[in-house]
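Trainee: Sharing entry.txt below, compact mmCIF, C-alpha atoms:
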```
# COMPACT_ATOMS: atom_id res chain seq x y z
CA MET D 225 0.00 0.00 0.00
CA PRO D 226 1.58 3.28 -1.12
CA VAL D 227 0.58 6.19 1.12
CA TYR D 228 0.74 9.94 0.62
CA ASN D 229 -1.22 12.30 2.89
CA ALA D 230 -4.01 9.77 3.40
CA SER D 231 -4.49 9.94 7.17
CA CYS D 232 -8.17 10.91 6.95
CA TRP D 233 -8.97 7.65 5.12
CA LEU D 234 -6.56 5.20 6.73
CA ASP D 235 -8.64 4.11 9.73
CA GLU D 236 -11.45 2.90 7.49
CA CYS D 237 -9.00 1.31 5.05
CA LEU D 238 -7.03 -0.53 7.75
CA GLN D 239 -10.19 -1.74 9.48
CA ALA D 240 -11.20 -3.34 6.17
CA ILE D 241 -7.86 -5.17 6.12
CA VAL D 242 -8.37 -6.41 9.69
CA ASP D 243 -11.83 -7.66 8.68
CA GLN D 244 -10.58 -9.87 5.83
CA ASP D 245 -11.77 -13.46 6.22
CA PHE D 246 -8.77 -14.99 4.42
CA THR D 247 -7.30 -17.66 6.71
CA GLY D 248 -3.82 -17.87 5.23
CA SER D 249 -0.84 -15.74 6.20
CA MET D 250 -1.01 -12.07 5.24
CA GLU D 251 1.36 -9.14 5.42
CA LEU D 252 0.65 -5.42 5.10
CA SER D 253 3.54 -3.57 3.47
CA VAL D 254 3.21 0.22 3.58
CA PHE D 255 5.52 2.78 1.99
CA ASP D 256 4.96 6.41 2.97
CA ASP D 257 5.91 8.70 0.09
CA ALA D 258 6.94 11.83 2.05
CA SER D 259 3.56 12.51 3.63
CA THR D 260 3.28 15.84 5.44
CA ASP D 261 0.37 14.66 7.59
CA ASP D 262 0.36 11.91 10.24
CA SER D 263 -0.25 9.02 7.84
CA ARG D 264 2.66 6.95 9.11
CA LYS D 265 1.62 7.49 12.73
CA VAL D 266 -1.91 6.31 11.92
CA VAL D 267 -0.59 3.13 10.28
CA GLU D 268 1.70 2.41 13.24
CA GLY D 269 -1.29 2.88 15.53
CA TRP D 270 -2.94 -0.09 13.83
CA ARG D 271 0.05 -2.42 14.14
CA GLU D 272 -1.20 -4.15 17.31
CA LYS D 273 -4.68 -4.84 15.87
CA LEU D 274 -3.24 -6.11 12.59
CA GLU D 275 -0.71 -8.37 14.27
CA ALA D 276 -3.43 -9.70 16.59
CA ARG D 277 -5.12 -10.87 13.37
CA LEU D 278 -1.80 -12.53 12.39
CA ILE D 279 -1.20 -9.89 9.73
CA SER D 280 2.46 -8.91 9.84
CA VAL D 281 3.20 -5.22 9.24
CA VAL D 282 6.14 -3.60 7.43
CA VAL D 283 6.20 0.21 7.33
CA SER D 284 8.83 2.49 5.84
CA GLY D 285 9.07 5.66 3.83
CA HIS D 286 11.11 8.79 3.27
CA TYR D 287 11.05 12.43 4.36
CA SER D 288 12.21 14.14 1.19
CA PRO D 289 10.77 17.58 0.39
CA LYS D 290 8.66 16.09 -2.42
CA PRO D 291 6.99 12.71 -3.02
CA ARG D 292 8.66 10.42 -5.56
CA GLY D 293 5.35 9.25 -7.02
CA VAL D 294 2.98 6.30 -6.89
CA GLY D 295 5.14 4.03 -9.04
CA PHE D 296 8.15 4.52 -6.77
CA ALA D 297 6.08 3.94 -3.62
CA LYS D 298 4.48 0.77 -5.02
CA ASN D 299 7.85 -0.66 -5.99
CA LYS D 300 9.26 0.09 -2.53
CA ALA D 301 6.26 -1.48 -0.78
CA ILE D 302 6.66 -4.62 -2.91
CA SER D 303 10.44 -4.89 -2.51
CA GLN D 304 10.21 -4.78 1.30
CA SER D 305 7.45 -7.41 1.39
CA CYS D 306 7.75 -11.18 1.17
CA GLY D 307 4.35 -12.48 0.05
CA GLN D 308 3.94 -14.87 -2.86
CA TYR D 309 0.89 -12.93 -4.07
CA LEU D 310 0.42 -9.18 -4.28
CA CYS D 311 -2.83 -7.39 -3.53
CA PHE D 312 -2.56 -3.72 -4.50
CA GLN D 313 -4.32 -1.75 -1.79
CA ASP D 314 -5.24 1.88 -2.41
CA ALA D 315 -5.01 3.92 0.80
CA VAL D 316 -8.36 5.61 0.12
CA SER D 317 -10.28 2.48 -0.94
CA LEU D 318 -11.67 -0.49 0.98
CA TYR D 319 -11.69 -4.20 0.24
CA VAL D 320 -14.79 -5.96 1.49
CA ASN D 321 -14.10 -8.78 3.93
CA VAL D 322 -14.08 -11.57 1.31
CA GLY D 323 -11.89 -9.64 -1.15
CA VAL D 324 -8.55 -11.37 -0.63
CA ARG D 325 -10.06 -14.84 -0.40
CA ARG D 326 -12.01 -14.40 -3.65
CA CYS D 327 -8.98 -13.09 -5.52
CA MET D 328 -6.79 -15.99 -4.38
CA LEU D 329 -8.78 -18.27 -6.68
CA HIS D 330 -7.12 -16.66 -9.73
CA PHE D 331 -3.51 -16.53 -10.87
CA THR D 332 -3.37 -13.87 -13.57
CA LEU D 333 -3.68 -10.09 -13.29
CA ILE D 334 -7.18 -9.85 -11.92
CA GLY D 335 -9.59 -7.36 -10.42
CA CYS D 336 -13.19 -7.11 -9.36
CA ARG D 337 -16.30 -5.00 -9.61
CA VAL D 338 -16.37 -1.85 -7.51
CA GLN D 339 -18.73 0.40 -5.61
CA ARG D 340 -17.84 4.00 -6.37
CA VAL D 341 -18.12 6.61 -3.61
CA PRO D 342 -19.44 9.24 -3.53
CA GLU D 343 -22.30 7.51 -5.33
CA GLY D 344 -22.81 8.89 -8.84
CA SER D 345 -19.23 10.14 -9.29
CA THR D 346 -17.65 9.00 -12.59
CA GLU D 347 -20.92 7.25 -13.44
CA ARG D 348 -20.05 6.23 -17.01
CA TYR D 349 -16.57 5.00 -16.02
CA THR D 350 -17.92 2.97 -13.10
CA ARG D 351 -20.59 1.36 -15.27
CA TRP D 352 -17.91 0.44 -17.83
CA ILE D 353 -15.64 -1.12 -15.16
CA ASN D 354 -18.44 -3.24 -13.80
CA THR D 355 -20.15 -4.45 -16.99
CA LEU D 356 -17.30 -5.48 -19.30
CA SER D 357 -17.47 -9.10 -20.40
CA GLN D 358 -14.44 -11.36 -20.05
CA HIS D 359 -13.84 -10.94 -23.79
CA GLN D 360 -14.03 -7.15 -23.53
CA LEU D 361 -11.41 -7.07 -20.79
CA ILE D 362 -9.01 -7.76 -23.66
CA THR D 363 -10.69 -5.99 -26.59
CA GLN D 364 -11.38 -2.65 -24.88
CA VAL D 365 -7.89 -1.94 -23.55
CA TYR D 366 -7.48 0.91 -26.08
CA THR D 367 -10.31 3.12 -24.83
CA SER D 368 -9.85 6.40 -22.96
CA HIS D 369 -11.06 4.72 -19.75
CA GLY D 370 -7.65 3.08 -19.31
CA PRO D 371 -7.03 -0.41 -17.86
CA THR D 372 -10.07 -2.65 -18.16
CA VAL D 373 -9.17 -4.08 -14.76
CA VAL D 374 -8.96 -1.02 -12.53
CA MET D 375 -5.72 -0.62 -10.57
CA PRO D 376 -7.01 -0.50 -6.96
CA THR D 377 -8.45 -4.00 -7.48
CA TRP D 378 -5.31 -5.61 -8.94
CA PHE D 379 -4.10 -8.94 -7.61
CA CYS D 380 -1.27 -10.99 -9.10
CA SER D 381 1.64 -13.22 -8.17
CA ARG D 382 5.01 -11.74 -7.25
CA LYS D 383 6.47 -13.94 -9.99
CA TRP D 384 4.28 -12.20 -12.57
CA TYR D 385 5.11 -8.73 -11.25
CA LEU D 386 8.82 -9.49 -11.61
CA LYS D 387 8.31 -10.86 -15.12
CA VAL D 388 6.45 -7.73 -16.25
CA GLY D 389 8.93 -5.40 -14.56
CA VAL D 390 8.64 -2.69 -11.93
CA PHE D 391 6.24 0.22 -12.07
CA ASP D 392 7.47 3.31 -13.90
CA GLU D 393 8.98 5.74 -11.38
CA GLY D 394 8.64 8.90 -13.46
CA GLY D 395 6.46 10.44 -10.76
CA LYS D 396 3.72 13.01 -11.14
CA GLY D 397 1.97 12.91 -14.50
CA VAL D 398 3.06 9.35 -15.35
CA PRO D 399 0.26 6.74 -15.67
CA GLU D 400 2.25 3.95 -14.04
CA ASP D 401 -0.78 1.66 -13.88
CA LEU D 402 -1.52 1.92 -17.62
CA LEU D 403 2.15 1.37 -18.51
CA PHE D 404 2.34 -1.74 -16.32
CA PHE D 405 -1.02 -2.96 -17.67
CA TYR D 406 0.13 -2.69 -21.29
CA GLN D 407 3.44 -4.35 -20.49
CA SER D 408 1.62 -7.22 -18.78
CA LEU D 409 -0.38 -7.78 -21.97
CA ARG D 410 2.79 -7.63 -24.07
CA GLN D 411 4.23 -10.39 -21.90
CA GLY D 412 1.20 -12.56 -22.69
CA GLY D 413 -0.52 -12.01 -19.37
CA GLY D 414 -4.18 -12.86 -18.96
CA LEU D 415 -6.90 -10.70 -17.47
CA SER D 416 -9.76 -11.73 -15.25
CA ARG D 417 -12.38 -10.12 -13.06
CA VAL D 418 -14.23 -11.50 -10.07
CA ASP D 419 -17.84 -10.60 -10.84
CA GLU D 420 -18.55 -9.43 -7.33
CA CYS D 421 -18.23 -5.96 -5.83
CA LEU D 422 -15.20 -6.46 -3.59
CA LEU D 423 -13.90 -2.90 -3.38
CA VAL D 424 -15.29 0.45 -2.28
CA TYR D 425 -13.46 2.72 -4.75
CA ARG D 426 -13.26 6.30 -3.52
CA TYR D 427 -13.20 9.29 -5.86
CA HIS D 428 -11.53 12.44 -4.59
CA GLU D 429 -10.14 15.58 -6.18
CA LYS D 430 -6.57 15.12 -4.91
CA ALA D 431 -6.11 11.69 -6.51
CA THR D 432 -2.80 11.41 -8.36
CA THR D 433 -4.62 10.23 -11.49
CA HIS D 434 -5.71 13.84 -12.06
CA SER D 435 -2.08 14.82 -12.71
CA VAL D 436 -1.95 12.67 -15.85
CA THR D 437 -2.84 14.69 -18.95
CA GLU D 438 -5.24 13.54 -21.62
CA SER D 439 -2.51 13.98 -24.26
CA THR D 440 -0.21 11.58 -22.37
CA ILE D 441 -2.90 8.90 -22.23
CA TRP D 442 -3.87 9.53 -25.87
CA LYS D 443 -0.35 8.91 -27.17
CA LEU D 444 0.04 5.70 -25.19
CA ARG D 445 -3.31 4.42 -26.47
CA VAL D 446 -2.54 5.26 -30.10
CA ASP D 447 0.87 3.61 -29.91
CA PHE D 448 -0.56 0.47 -28.30
CA LEU D 449 -3.38 0.28 -30.87
CA GLN D 450 -0.86 0.52 -33.69
CA GLU D 451 1.40 -2.07 -32.11
CA ARG D 452 -1.25 -4.64 -31.25
CA VAL D 453 -4.00 -4.19 -33.85
CA LEU D 454 -3.14 -2.02 -36.83
CA SER D 455 0.13 -3.82 -37.45
CA GLN D 456 -1.95 -6.95 -38.13
CA TRP D 457 -4.39 -5.27 -40.58
CA GLU D 458 -3.76 -4.59 -44.25
CA ASN D 459 -6.33 -1.78 -44.25
CA PHE D 460 -9.21 -0.51 -42.11
CA THR D 461 -12.00 2.04 -41.74
CA ILE D 462 -12.23 4.71 -39.06
CA TRP D 463 -15.81 4.89 -37.74
CA ASN D 464 -16.38 8.63 -37.17
CA ALA D 465 -15.59 11.28 -39.73
CA GLY D 466 -15.76 13.95 -37.04
CA LYS D 467 -13.20 15.44 -34.68
CA GLN D 468 -12.13 12.26 -32.87
CA GLY D 469 -11.82 10.14 -36.00
CA ARG D 470 -9.76 12.79 -37.79
CA LYS D 471 -7.55 13.25 -34.72
CA LEU D 472 -6.80 9.52 -34.64
CA TYR D 473 -5.94 9.55 -38.35
CA ARG D 474 -3.52 12.48 -37.91
CA CYS D 475 -1.76 10.72 -35.01
CA LEU D 476 -1.14 7.48 -36.90
CA SER D 477 2.22 6.63 -38.39
CA PRO D 478 2.52 7.31 -42.16
CA THR D 479 2.38 3.55 -42.75
CA ASN D 480 -0.91 3.20 -40.90
CA GLN D 481 -2.37 6.37 -42.42
CA LYS D 482 -1.99 4.71 -45.80
CA LYS D 483 -4.00 1.73 -44.51
CA VAL D 484 -7.06 3.91 -43.84
CA LYS D 485 -9.35 3.17 -46.78
CA ALA D 486 -12.25 5.32 -45.54
CA PHE D 487 -14.01 7.12 -42.75
CA CYS D 488 -17.60 6.13 -42.10
CA ASP D 489 -20.41 7.94 -40.32
CA VAL D 490 -24.18 8.31 -39.91
CA ASP D 491 -24.16 12.11 -40.33
CA GLU D 492 -25.39 12.92 -43.83
CA ASN D 493 -23.67 16.34 -43.77
CA LYS D 494 -20.29 14.70 -43.28
CA ILE D 495 -21.02 11.98 -45.83
CA GLN D 496 -22.06 14.52 -48.47
CA LYS D 497 -18.64 16.16 -48.28
CA GLY D 498 -17.35 13.00 -49.95
CA PHE D 499 -13.88 12.92 -48.48
CA TYR D 500 -11.56 14.25 -45.79
CA THR D 501 -8.46 16.11 -46.97
CA TYR D 502 -5.40 15.78 -44.76
CA GLU D 503 -4.33 19.41 -45.03
CA GLU D 504 -1.30 19.05 -42.74
CA SER D 505 0.26 16.42 -44.99
CA LYS D 506 3.50 17.21 -46.81
CA GLU D 507 2.48 14.83 -49.58
CA ARG D 508 1.44 16.21 -52.95
CA PRO D 509 -1.30 15.79 -53.83
CA LYS D 510 -2.61 15.83 -50.26
CA PRO D 511 -4.28 12.59 -49.16
CA LYS D 512 -8.06 12.50 -49.58
CA ILE D 513 -9.87 9.80 -47.64
CA PRO D 514 -13.45 8.89 -48.66
CA ILE D 515 -16.30 9.42 -46.19
CA LEU D 516 -18.94 6.70 -46.48
CA HIS D 517 -22.18 5.72 -44.82
CA TYR D 518 -21.45 2.96 -42.33
CA LYS D 519 -23.73 0.54 -44.19
CA VAL D 520 -21.51 0.61 -47.30
CA ALA D 521 -18.19 0.76 -45.48
CA SER D 522 -16.18 -2.40 -44.94
CA ALA D 523 -14.55 -3.92 -41.89
CA PRO D 524 -12.33 -3.93 -39.98
CA PHE D 525 -13.21 -0.76 -38.09
CA VAL D 526 -11.64 1.35 -35.38
CA ILE D 527 -14.62 2.85 -33.55
CA CYS D 528 -14.05 6.47 -32.51
CA VAL D 529 -17.54 7.07 -31.11
CA LYS D 530 -18.00 7.30 -27.35
CA LEU D 531 -19.48 4.21 -25.78
CA ASP D 532 -23.00 4.48 -24.33
CA MET D 533 -23.44 8.09 -25.48
CA THR D 534 -25.71 7.48 -28.49
CA GLY D 535 -28.73 6.02 -26.72
CA GLY D 536 -27.87 2.55 -28.02
CA ILE D 537 -27.80 3.59 -31.69
CA LEU D 538 -24.10 2.82 -32.16
CA GLU D 539 -24.53 -0.62 -30.63
CA GLU D 540 -27.56 -1.30 -32.84
CA ASN D 541 -25.65 -0.26 -35.95
CA LEU D 542 -22.74 -2.53 -35.08
CA ASN D 543 -25.09 -5.43 -34.39
CA SER D 544 -26.90 -4.86 -37.69
CA LEU D 545 -23.65 -5.53 -39.54
CA GLN D 546 -23.09 -8.75 -37.55
CA LEU D 547 -19.61 -7.66 -36.56
CA LYS D 548 -17.50 -9.38 -33.89
CA GLU D 549 -15.61 -7.23 -31.41
CA GLY D 550 -11.91 -8.04 -31.39
CA ILE D 551 -12.03 -9.33 -34.96
CA ASP D 552 -14.09 -6.93 -37.07
CA PHE D 553 -13.77 -3.88 -34.84
CA TYR D 554 -12.11 -2.39 -31.79
CA HIS D 555 -13.38 0.47 -29.66
CA PHE D 556 -10.93 3.35 -29.29
CA ASN D 557 -13.01 6.05 -27.54
```
What would you get if you wrote out this structure as structure tokens?

Mentor:
Amino acid sequence: MPVYNASCWLDECLQAIVDQDFTGSMELSVFDDASTDDSRKVVEGWREKLEARLISVVVSGHYSPKPRGVGFAKNKAISQSCGQYLCFQDAVSLYVNVGVRRCMLHFTLIGCRVQRVPEGSTERYTRWINTLSQHQLITQVYTSHGPTVVMPTWFCSRKWYLKVGVFDEGGKGVPEDLLFFYQSLRQGGGLSRVDECLLVYRYHEKATTHSVTESTIWKLRVDFLQERVLSQWENFTIWNAGKQGRKLYRCLSPTNQKKVKAFCDVDENKIQKGFYTYEESKERPKPKIPILHYKVASAPFVICVKLDMTGGILEENLNSLQLKEGIDFYHFN
């Protein structure tokens, strides 16, 4: 458990650890990343209760003027621990009492469903986390929501963590969870989710995730899409001739730009324009990509339309073409 200025949440978090019904040996490894509050004191105050539950406690940290970041703190907490399996505890979130026991049944990078608090915060994101199918845990890793198995619910073996490599220690603004998640997939790692709500996942304005810019996430997603999907396709269609579809096209490598055979859309105004001209191109003549109605466009598709924001129309259109996610199309937005 990495900790930074989390004292107001720690009592609730640590009580949830005490309440775990797992009967095997457990250890709590905490690394305090230069907190300026009494976080470390609060953790130490729980040592007796935790040890009475046969949960060994390891606490360390540093007092530098600035925190080194979540990736650094996670790596330190892991390196000072000795467990065979790693449960990544967020200092502001709570595992329900069966959480560890349920997760021990799996041996890949796994997570669970969550209850978001305050209720109603990040509603679309929370619904996405909790409703993905097992197949979609793999196919929807390119969307702007990030890892399909959300970080505060991760559970894996130490052996797998060491195989994937340590968390990026770049500090503030670095999405260490997404980088590790992608690297785990590159290494052939599986994904799984326990279809029970095992974590109370707290949203708060000071979360480190807010320091990661949209442009940073965008570049990582585009690069991973090109590496994992577009490199396998001879050509493809971008579903959305609007802003997001054009942005994706402009960010592709020249090789993958040439694979784009068309944009497709449902907006007649866009379709009537006939084509999209890539004005920023240094090529002469400038590339012109046809804009088609989705019914006459051909797979495979990269879907650049936001999920669950069309009242079900996008999903109906995809179903009408009898397309298979992960083969005929991938969601990008």

Trainee: Considering all atoms listed in the file, state which residue in the set D:Asp552, D:Asp245, D:Glu451, D:Glu507 is at the smallest distance from Arg326 in chain D.

Mentor: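 Between D:Asp552, D:Asp245, D:Glu451, D:Glu507, the residue approaching Arg326 in chain D most closely is D:Asp245.
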
Trainee: Contacts of Ser368 in chain D at 10 Å or less, counting all atoms listed in the file, minus same-chain residues fewer than 2 places along, as a PyMOL selection string?

Mentor: chain D and resi 349+364-366+370-371+438+441-442+445+530+555-557

Trainee: Counting all atoms listed in the file, figure out which residue out of D:Lys396, D:Arg417, D:Lys443, D:Arg351 gets nearest to Phe379 in chain D.

Mentor: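 The closest residue to Phe379 in chain D is D:Arg417.
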
Trainee: Skip Cys475 in chain D itself and residues of its chain fewer than 4 positions away, then list as an mmCIF file with C-alpha atoms, keeping the file's coordinate frame all residues within 12 Å of it, counting all atoms listed in the file.

Mentor:
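File produced: around-v7.cif:
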```cif
data_model
loop_
_atom_site.group_PDB
_atom_site.id
_atom_site.type_symbol
_atom_site.label_atom_id
_atom_site.label_comp_id
_atom_site.auth_asym_id
_atom_site.auth_seq_id
_atom_site.Cartn_x
_atom_site.Cartn_y
_atom_site.Cartn_z
ATOM 1 C CA SER D 439 -2.510 13.980 -24.260
ATOM 2 C CA TRP D 442 -3.870 9.530 -25.870
ATOM 3 C CA LYS D 443 -0.350 8.910 -27.170
ATOM 4 C CA LEU D 444 0.040 5.700 -25.190
ATOM 5 C CA ARG D 445 -3.310 4.420 -26.470
ATOM 6 C CA VAL D 446 -2.540 5.260 -30.100
ATOM 7 C CA ASP D 447 0.870 3.610 -29.910
ATOM 8 C CA LEU D 449 -3.380 0.280 -30.870
ATOM 9 C CA GLN D 450 -0.860 0.520 -33.690
ATOM 10 C CA GLN D 468 -12.130 12.260 -32.870
ATOM 11 C CA GLY D 469 -11.820 10.140 -36.000
ATOM 12 C CA ARG D 470 -9.760 12.790 -37.790
ATOM 13 C CA LYS D 471 -7.550 13.250 -34.720
ATOM 14 C CA THR D 479 2.380 3.550 -42.750
ATOM 15 C CA ASN D 480 -0.910 3.200 -40.900
ATOM 16 C CA GLN D 481 -2.370 6.370 -42.420
ATOM 17 C CA TYR D 502 -5.400 15.780 -44.760
ATOM 18 C CA GLU D 504 -1.300 19.050 -42.740
ATOM 19 C CA SER D 505 0.260 16.420 -44.990
#
```

Trainee: What residues have an atom no more than 12 Å from (-1.1, -8.6, 12.2) in the file's own frame, counting all atoms listed in the file, and can you write them as a list in words?

Mentor: Leu238, Gln239, Ile241, Val242, Asp243, Gln244, Gly248, Ser249, Met250, Glu251, Leu252, Ser253, Val267, Glu268, Gly269, Trp270, Arg271, Glu272, Lys273, Leu274, Glu275, Ala276, Arg277, Leu278, Ile279, Ser280, Val281 and Val282 of chain D

Trainee: Generate the output file for the selected residues, C-alpha atoms, as a PDB file, keeping the file's coordinate frame.

Mentor:
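Saved file out-v6.pdb follows:
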```pdb
ATOM      1  CA  LEU D 238      -7.030  -0.530   7.750  1.00  0.00           C
ATOM      2  CA  GLN D 239     -10.190  -1.740   9.480  1.00  0.00           C
ATOM      3  CA  ILE D 241      -7.860  -5.170   6.120  1.00  0.00           C
ATOM      4  CA  VAL D 242      -8.370  -6.410   9.690  1.00  0.00           C
ATOM      5  CA  ASP D 243     -11.830  -7.660   8.680  1.00  0.00           C
ATOM      6  CA  GLN D 244     -10.580  -9.870   5.830  1.00  0.00           C
ATOM      7  CA  GLY D 248      -3.820 -17.870   5.230  1.00  0.00           C
ATOM      8  CA  SER D 249      -0.840 -15.740   6.200  1.00  0.00           C
ATOM      9  CA  MET D 250      -1.010 -12.070   5.240  1.00  0.00           C
ATOM     10  CA  GLU D 251       1.360  -9.140   5.420  1.00  0.00           C
ATOM     11  CA  LEU D 252       0.650  -5.420   5.100  1.00  0.00           C
ATOM     12  CA  SER D 253       3.540  -3.570   3.470  1.00  0.00           C
ATOM     13  CA  VAL D 267      -0.590   3.130  10.280  1.00  0.00           C
ATOM     14  CA  GLU D 268       1.700   2.410  13.240  1.00  0.00           C
ATOM     15  CA  GLY D 269      -1.290   2.880  15.530  1.00  0.00           C
ATOM     16  CA  TRP D 270      -2.940  -0.090  13.830  1.00  0.00           C
ATOM     17  CA  ARG D 271       0.050  -2.420  14.140  1.00  0.00           C
ATOM     18  CA  GLU D 272      -1.200  -4.150  17.310  1.00  0.00           C
ATOM     19  CA  LYS D 273      -4.680  -4.840  15.870  1.00  0.00           C
ATOM     20  CA  LEU D 274      -3.240  -6.110  12.590  1.00  0.00           C
ATOM     21  CA  GLU D 275      -0.710  -8.370  14.270  1.00  0.00           C
ATOM     22  CA  ALA D 276      -3.430  -9.700  16.590  1.00  0.00           C
ATOM     23  CA  ARG D 277      -5.120 -10.870  13.370  1.00  0.00           C
ATOM     24  CA  LEU D 278      -1.800 -12.530  12.390  1.00  0.00           C
ATOM     25  CA  ILE D 279      -1.200  -9.890   9.730  1.00  0.00           C
ATOM     26  CA  SER D 280       2.460  -8.910   9.840  1.00  0.00           C
ATOM     27  CA  VAL D 281       3.200  -5.220   9.240  1.00  0.00           C
ATOM     28  CA  VAL D 282       6.140  -3.600   7.430  1.00  0.00           C
TER      29      VAL D 282
END
```

Trainee: Report, in Å with one decimal, the straight-line distance from CA of His428 in chain D to CA of Thr260 in chain D.

Mentor: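 Separation of CA of His428 in chain D and CA of Thr260 in chain D: 18.2 Å.
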
Trainee: Please compute the CA of Trp233 in chain D-CA of Glu393 in chain D distance, one decimal, in Å.

Mentor: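 Separation between CA of Trp233 in chain D and CA of Glu393 in chain D: 24.5 Å.
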
Trainee: Counting all atoms listed in the file, which residue out of D:Leu547, D:Leu403, D:Leu310, D:Cys421 sits closest to Cys336 in chain D?

Mentor: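 Smallest separation from Cys336 in chain D among the options: D:Cys421.
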
Trainee: Between D:Ile527, D:Val436, D:Leu476, D:Val398, which one has atoms that come closest to Ser455 in chain D, using all atoms listed in the file?

Mentor: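 Closest residue, counting all atoms listed in the file: D:Leu476.
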
Trainee: Find the distance between CA of Arg426 in chain D and CA of Ala301 in chain D and write it in Å to one decimal.

Mentor: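 Distance reported for this atom pair: 21.2 Å.
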
Trainee: Step by step, gather every atom of range 471-487 of chain D that the file lists, find the box along x, y and z that holds them, add 3 Å on each side, and finally give centre and edge lengths in Å to one decimal, as JSON.

Mentor:
```
{"center_x": -5.7, "center_y": 7.5, "center_z": -40.7, "size_x": 22.5, "size_y": 17.5, "size_z": 18.1}
```

Trainee: For Trp384 in chain D, work out the shell of residues within 12 Å, counting all atoms listed in the file and skipping chain neighbours fewer than 5 positions away, then give it as an MDAnalysis selection string.

Mentor: chainID D and resid 308:310 331:334 379 389:390 404:405 407:409 411:414

Trainee: Between D:Tyr518, D:Pro478, D:Pro399, D:Trp457, which one has atoms that come closest to Thr437 in chain D, using all atoms listed in the file?

Mentor: D:Pro399

Trainee: Which residue out of D:Cys528, D:Arg325, D:Glu503, D:Pro514 has the minimum interatomic distance to Lys467 in chain D when only C-alpha atoms are used?

Mentor: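 For Lys467 in chain D, the nearest of the candidates is D:Cys528.
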
Trainee: Supply range 531-547 of chain D as a PDB file, in the frame of the given file, with N, CA and C atoms built in where the input has gaps.

Mentor:
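Output file selection10.pdb follows:
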```
ATOM      1  N   LEU D 531     -18.579   5.275 -26.221  1.00  0.00           N
ATOM      2  CA  LEU D 531     -19.480   4.210 -25.780  1.00  0.00           C
ATOM      3  C   LEU D 531     -20.621   4.766 -24.951  1.00  0.00           C
ATOM      4  N   ASP D 532     -21.765   4.188 -25.067  1.00  0.00           N
ATOM      5  CA  ASP D 532     -23.000   4.480 -24.330  1.00  0.00           C
ATOM      6  C   ASP D 532     -23.386   5.960 -24.305  1.00  0.00           C
ATOM      7  N   MET D 533     -23.050   6.679 -25.398  1.00  0.00           N
ATOM      8  CA  MET D 533     -23.440   8.090 -25.480  1.00  0.00           C
ATOM      9  C   MET D 533     -24.359   8.362 -26.661  1.00  0.00           C
ATOM     10  N   THR D 534     -24.843   7.300 -27.312  1.00  0.00           N
ATOM     11  CA  THR D 534     -25.710   7.480 -28.490  1.00  0.00           C
ATOM     12  C   THR D 534     -27.095   6.885 -28.254  1.00  0.00           C
ATOM     13  N   GLY D 535     -27.422   6.603 -27.007  1.00  0.00           N
ATOM     14  CA  GLY D 535     -28.730   6.020 -26.720  1.00  0.00           C
ATOM     15  C   GLY D 535     -28.906   4.632 -27.301  1.00  0.00           C
ATOM     16  N   GLY D 536     -27.807   3.914 -27.488  1.00  0.00           N
ATOM     17  CA  GLY D 536     -27.870   2.550 -28.020  1.00  0.00           C
ATOM     18  C   GLY D 536     -27.805   2.451 -29.527  1.00  0.00           C
ATOM     19  N   ILE D 537     -27.794   3.604 -30.217  1.00  0.00           N
ATOM     20  CA  ILE D 537     -27.800   3.590 -31.690  1.00  0.00           C
ATOM     21  C   ILE D 537     -26.509   2.990 -32.239  1.00  0.00           C
ATOM     22  N   LEU D 538     -25.365   3.381 -31.686  1.00  0.00           N
ATOM     23  CA  LEU D 538     -24.100   2.820 -32.160  1.00  0.00           C
ATOM     24  C   LEU D 538     -24.098   1.313 -32.026  1.00  0.00           C
ATOM     25  N   GLU D 539     -24.513   0.826 -30.860  1.00  0.00           N
ATOM     26  CA  GLU D 539     -24.530  -0.620 -30.630  1.00  0.00           C
ATOM     27  C   GLU D 539     -25.470  -1.328 -31.602  1.00  0.00           C
ATOM     28  N   GLU D 540     -26.614  -0.719 -31.873  1.00  0.00           N
ATOM     29  CA  GLU D 540     -27.560  -1.300 -32.840  1.00  0.00           C
ATOM     30  C   GLU D 540     -26.957  -1.357 -34.232  1.00  0.00           C
ATOM     31  N   ASN D 541     -26.273  -0.297 -34.625  1.00  0.00           N
ATOM     32  CA  ASN D 541     -25.650  -0.260 -35.950  1.00  0.00           C
ATOM     33  C   ASN D 541     -24.575  -1.331 -36.091  1.00  0.00           C
ATOM     34  N   LEU D 542     -23.774  -1.496 -35.043  1.00  0.00           N
ATOM     35  CA  LEU D 542     -22.740  -2.530 -35.080  1.00  0.00           C
ATOM     36  C   LEU D 542     -23.366  -3.920 -35.162  1.00  0.00           C
ATOM     37  N   ASN D 543     -24.412  -4.134 -34.377  1.00  0.00           N
ATOM     38  CA  ASN D 543     -25.090  -5.430 -34.390  1.00  0.00           C
ATOM     39  C   ASN D 543     -25.736  -5.714 -35.745  1.00  0.00           C
ATOM     40  N   SER D 544     -26.235  -4.658 -36.394  1.00  0.00           N
ATOM     41  CA  SER D 544     -26.900  -4.860 -37.690  1.00  0.00           C
ATOM     42  C   SER D 544     -25.936  -5.361 -38.756  1.00  0.00           C
ATOM     43  N   LEU D 545     -24.658  -5.072 -38.577  1.00  0.00           N
ATOM     44  CA  LEU D 545     -23.650  -5.530 -39.540  1.00  0.00           C
ATOM     45  C   LEU D 545     -23.064  -6.886 -39.165  1.00  0.00           C
ATOM     46  N   GLN D 546     -23.544  -7.432 -38.039  1.00  0.00           N
ATOM     47  CA  GLN D 546     -23.090  -8.750 -37.550  1.00  0.00           C
ATOM     48  C   GLN D 546     -21.569  -8.801 -37.405  1.00  0.00           C
ATOM     49  N   LEU D 547     -21.050  -7.763 -36.759  1.00  0.00           N
ATOM     50  CA  LEU D 547     -19.610  -7.660 -36.560  1.00  0.00           C
ATOM     51  C   LEU D 547     -19.212  -8.249 -35.207  1.00  0.00           C
TER      52      LEU D 547
END
```
